[in-house]
>>> print(open('run02.pdb').read())   # PDB, C-alpha atoms
MODEL        1
ATOM      1  CA  MET A   1      15.894  30.320 108.892
ATOM      2  CA  ASP A   2      19.462  31.149 107.882
ATOM      3  CA  ALA A   3      20.784  31.640 104.341
ATOM      4  CA  ALA A   4      22.093  28.065 104.084
ATOM      5  CA  GLY A   5      18.693  26.678 105.093
ATOM      6  CA  GLY A   6      17.019  28.977 102.579
ATOM      7  CA  ALA A   7      19.288  27.679  99.815
ATOM      8  CA  GLU A   8      18.562  24.091 100.854
ATOM      9  CA  LEU A   9      14.828  24.757 100.811
ATOM     10  CA  GLY A  10      15.154  26.365  97.379
ATOM     11  CA  MET A  11      16.889  23.235  96.078
ATOM     12  CA  LEU A  12      14.185  21.049  97.604
ATOM     13  CA  LEU A  13      11.511  23.008  95.723
ATOM     14  CA  VAL A  14      13.241  22.858  92.321
ATOM     15  CA  GLY A  15      10.702  21.323  89.959
ATOM     16  CA  VAL A  16       7.553  22.696  91.564
ATOM     17  CA  PRO A  17       5.215  24.111  88.880
ATOM     18  CA  LEU A  18       5.257  27.900  89.176
ATOM     19  CA  PRO A  19       3.458  30.107  89.883
ATOM     20  CA  ALA A  20       2.440  28.310  93.058
ATOM     21  CA  ASP A  21       0.624  29.265  96.223
ATOM     22  CA  LYS A  22       1.502  28.218  99.767
ATOM     23  CA  ALA A  23      -0.615  25.020  99.621
ATOM     24  CA  GLN A  24       1.006  23.902  96.373
ATOM     25  CA  LEU A  25       4.506  24.539  97.744
ATOM     26  CA  LEU A  26       3.678  22.538 100.877
ATOM     27  CA  ALA A  27       2.208  19.652  98.876
ATOM     28  CA  TYR A  28       5.288  19.530  96.656
ATOM     29  CA  ALA A  29       7.614  19.586  99.681
ATOM     30  CA  VAL A  30       5.695  16.661 101.213
ATOM     31  CA  GLN A  31       6.059  14.701  97.945
ATOM     32  CA  GLN A  32       9.801  15.388  98.091
ATOM     33  CA  HIS A  33       9.943  14.003 101.669
ATOM     34  CA  ALA A  34      11.011  17.345 103.114
ATOM     35  CA  GLU A  35      12.321  17.498 106.658
ATOM     36  CA  PRO A  36       9.780  18.698 109.239
ATOM     37  CA  ARG A  37      11.734  21.947 109.738
ATOM     38  CA  PHE A  38      11.177  22.857 106.072
ATOM     39  CA  LEU A  39       7.480  22.037 106.265
ATOM     40  CA  ALA A  40       7.148  24.248 109.338
ATOM     41  CA  VAL A  41       8.863  27.132 107.552
ATOM     42  CA  LEU A  42       6.664  26.727 104.483
ATOM     43  CA  ARG A  43       3.568  26.828 106.711
ATOM     44  CA  SER A  44       4.713  30.264 107.905
ATOM     45  CA  LEU A  45       4.503  31.709 104.378
ATOM     46  CA  PRO A  46       1.765  34.249 103.695
ATOM     47  CA  GLU A  47      -1.252  33.157 101.655
ATOM     48  CA  ARG A  48      -0.280  34.415  98.215
ATOM     49  CA  GLU A  49       1.035  33.243  94.872
ATOM     50  CA  PHE A  50       4.787  32.985  94.303
ATOM     51  CA  VAL A  51       6.108  33.296  90.752
ATOM     52  CA  SER A  52       9.677  32.158  91.466
ATOM     53  CA  LEU A  53      11.635  30.135  94.000
ATOM     54  CA  ASP A  54      13.743  33.215  94.689
ATOM     55  CA  GLU A  55      10.552  34.945  95.806
ATOM     56  CA  VAL A  56       9.793  32.088  98.223
ATOM     57  CA  VAL A  57      13.281  32.096  99.719
ATOM     58  CA  GLU A  58      13.355  35.920  99.935
ATOM     59  CA  GLU A  59      10.092  35.810 101.910
ATOM     60  CA  LEU A  60      11.690  33.422 104.420
ATOM     61  CA  VAL A  61      15.282  34.704 104.450
ATOM     62  CA  PRO A  62      15.338  38.395 103.546
ATOM     63  CA  VAL A  63      18.602  39.335 101.861
ATOM     64  CA  GLN A  64      17.818  43.000 101.437
ATOM     65  CA  PRO A  65      19.659  45.394 103.792
ATOM     66  CA  GLY A  66      18.203  46.279 107.144
ATOM     67  CA  ALA A  67      16.840  43.977 109.811
ATOM     68  CA  ASP A  68      13.399  45.541 109.545
ATOM     69  CA  GLY A  69      13.264  45.219 105.759
ATOM     70  CA  ARG A  70      14.056  48.881 105.155
ATOM     71  CA  PRO A  71      17.395  49.975 103.699
ATOM     72  CA  HIS A  72      19.845  51.758 105.966
ATOM     73  CA  GLU A  73      20.155  55.511 105.711
ATOM     74  CA  PRO A  74      23.250  56.590 103.786
ATOM     75  CA  ARG A  75      26.239  57.740 105.835
ATOM     76  CA  GLU A  76      27.657  61.227 105.624
ATOM     77  CA  GLU A  77      30.538  61.395 103.160
ATOM     78  CA  SER A  78      33.907  62.682 104.328
ATOM     79  CA  GLY A  79      34.437  64.656 101.150
ATOM     80  CA  ALA A  80      38.060  63.512 100.933
ATOM     81  CA  PRO A  81      39.069  61.351  97.967
ATOM     82  CA  PRO A  82      40.490  57.910  98.705
ATOM     83  CA  GLY A  83      44.280  58.200  99.059
ATOM     84  CA  GLY A  84      44.136  61.875  99.971
ATOM     85  CA  ASP A  85      46.021  64.305  97.721
ATOM     86  CA  ALA A  86      47.831  61.439  95.979
ATOM     87  CA  TYR A  87      44.502  60.560  94.368
ATOM     88  CA  THR A  88      44.818  63.407  91.877
ATOM     89  CA  GLU A  89      48.623  63.445  91.423
ATOM     90  CA  LEU A  90      49.989  61.782  88.306
ATOM     91  CA  HIS A  91      52.809  59.337  88.894
ATOM     92  CA  PRO A  92      55.622  59.456  86.312
ATOM     93  CA  ASP A  93      55.560  55.652  85.916
ATOM     94  CA  THR A  94      51.846  55.219  85.364
ATOM     95  CA  GLY A  95      50.952  51.610  84.626
ATOM     96  CA  ARG A  96      54.256  50.165  85.803
ATOM     97  CA  VAL A  97      54.222  47.719  88.698
ATOM     98  CA  ARG A  98      56.347  49.305  91.390
ATOM     99  CA  ASP A  99      58.365  47.596  94.077
ATOM    100  CA  VAL A 100      56.841  47.887  97.559
ATOM    101  CA  ASP A 101      60.080  49.323  99.006
ATOM    102  CA  GLU A 102      60.147  51.959  96.235
ATOM    103  CA  VAL A 103      56.568  53.014  97.004
ATOM    104  CA  GLU A 104      57.342  53.424 100.706
ATOM    105  CA  ALA A 105      60.348  55.622  99.842
ATOM    106  CA  ASP A 106      58.151  58.021  97.825
TER     107      ASP A 106
ENDMDL
END
>>> encode(input="run02.pdb", output="structure tokens")
Amino acid sequence: MDAAGGAELGMLLVGVPLPADKAQLLAYAVQQHAEPRFLAVLRSLPEREFVSLDEVVEELVPVQPGADGRPHEPREESGAPPGGDAYTELHPDTGRVRDVDEVEAD
């Protein structure tokens, strides 16, 4: 299920008494005349109790980084500040909006 489908499912489940288990979520979705695709997705939930709708949607559409649920390893830093040496140099007109042509001439 994609993020848009997850948001739609979350809206469909607004009003379900929480916490709720898989069976209660399914029963509520049936009462709300959910599309078969949403019922199928809800059937794929693990047998546990959910305390929020965000928890339900996160189970179905993980938004955390990494395809396998683990965060990516950090990348090596270059060590150089953004903007190079100009990053630490004070400009005489600090705070003034400068003209683009003037900046290119510097």
>>> residues_near_point(input="run02.pdb", point="(2.7, 25.3, 103.2)", cutoff="12 Å", atoms="only C-alpha atoms", output="ChimeraX atom specification")
/A:13,20-30,34,36-50,56
>>> atom_distance(input="run02.pdb", atom1="CA of Ala4 (chain A)", atom2="CA of Val57 (chain A)")
10.6 Å
>>> closest_residue(input="run02.pdb", among="A:Gly83, A:Glu76, A:Gly10, A:Gly15", to="Leu53 (chain A)", atoms="all atoms listed in the file")
A:Gly10
>>> atom_distance(input="run02.pdb", atom1="CA of Arg75 (chain A)", atom2="CA of Glu55 (chain A)")
29.4 Å
>>> closest_residue(input="run02.pdb", among="A:Ser52, A:Glu89, A:Glu35, A:Gly5", to="Pro17 (chain A)", atoms="only C-alpha atoms")
A:Ser52
>>> atom_distance(input="run02.pdb", atom1="CA of Gly84 (chain A)", atom2="CA of Asp99 (chain A)")
21.0 Å
>>> axis_aligned_box(input="run02.pdb", around="region 27-41 of chain A", padding_each_side="6 Å", output="AutoDock Vina command-line options")
--center_x 7.3 --center_y 20.6 --center_z 103.2 --size_x 22.1 --size_y 25.1 --size_z 25.1
>>> decode(input="run02.pdb", residues="region 25-40 of chain A", atoms="N, CA, C and O atoms", output="short mmCIF file (atom, residue, chain, number, x, y, z; two decimals), in the first residue's frame")
data_model
loop_
_atom_site.label_atom_id
_atom_site.label_comp_id
_atom_site.auth_asym_id
_atom_site.auth_seq_id
_atom_site.Cartn_x
_atom_site.Cartn_y
_atom_site.Cartn_z
N LEU A 25 -10.64 -3.58 14.26
CA LEU A 25 -10.39 -2.68 13.12
C LEU A 25 -11.12 -3.16 11.88
O LEU A 25 -11.74 -2.37 11.15
N LEU A 26 -11.07 -4.48 11.65
CA LEU A 26 -11.77 -5.05 10.49
C LEU A 26 -13.28 -4.87 10.61
O LEU A 26 -13.94 -4.48 9.64
N ALA A 27 -13.82 -5.12 11.78
CA ALA A 27 -15.27 -4.98 11.98
C ALA A 27 -15.70 -3.53 11.75
O ALA A 27 -16.73 -3.27 11.10
N TYR A 28 -14.91 -2.59 12.23
CA TYR A 28 -15.24 -1.18 12.05
C TYR A 28 -15.17 -0.80 10.56
O TYR A 28 -16.03 -0.08 10.06
N ALA A 29 -14.16 -1.30 9.87
CA ALA A 29 -14.02 -1.01 8.43
C ALA A 29 -15.21 -1.57 7.65
O ALA A 29 -15.70 -0.92 6.72
N VAL A 30 -15.69 -2.74 8.02
CA VAL A 30 -16.86 -3.32 7.36
C VAL A 30 -18.09 -2.44 7.60
O VAL A 30 -18.87 -2.18 6.69
N GLN A 31 -18.26 -1.96 8.83
CA GLN A 31 -19.38 -1.06 9.15
C GLN A 31 -19.32 0.22 8.33
O GLN A 31 -20.34 0.81 7.99
N GLN A 32 -18.11 0.66 8.01
CA GLN A 32 -17.91 1.89 7.25
C GLN A 32 -17.96 1.63 5.73
O GLN A 32 -17.70 2.54 4.95
N HIS A 33 -18.31 0.41 5.34
CA HIS A 33 -18.40 0.02 3.93
C HIS A 33 -17.08 0.24 3.18
O HIS A 33 -17.05 0.82 2.10
N ALA A 34 -16.00 -0.23 3.81
CA ALA A 34 -14.67 -0.09 3.23
C ALA A 34 -14.55 -0.87 1.93
O ALA A 34 -15.19 -1.92 1.76
N GLU A 35 -13.73 -0.36 1.04
CA GLU A 35 -13.45 -1.05 -0.22
C GLU A 35 -12.74 -2.36 0.09
O GLU A 35 -12.01 -2.46 1.08
N PRO A 36 -12.92 -3.37 -0.77
CA PRO A 36 -12.27 -4.66 -0.53
C PRO A 36 -10.75 -4.56 -0.38
O PRO A 36 -10.16 -5.31 0.39
N ARG A 37 -10.12 -3.62 -1.09
CA ARG A 37 -8.65 -3.50 -0.99
C ARG A 37 -8.24 -3.11 0.44
O ARG A 37 -7.21 -3.57 0.94
N PHE A 38 -9.05 -2.29 1.11
CA PHE A 38 -8.73 -1.90 2.48
C PHE A 38 -8.95 -3.06 3.44
O PHE A 38 -8.19 -3.26 4.38
N LEU A 39 -9.99 -3.83 3.20
CA LEU A 39 -10.24 -5.00 4.05
C LEU A 39 -9.11 -6.01 3.92
O LEU A 39 -8.66 -6.59 4.92
N ALA A 40 -8.63 -6.20 2.70
CA ALA A 40 -7.52 -7.13 2.48
C ALA A 40 -6.26 -6.67 3.21
O ALA A 40 -5.55 -7.48 3.83
#
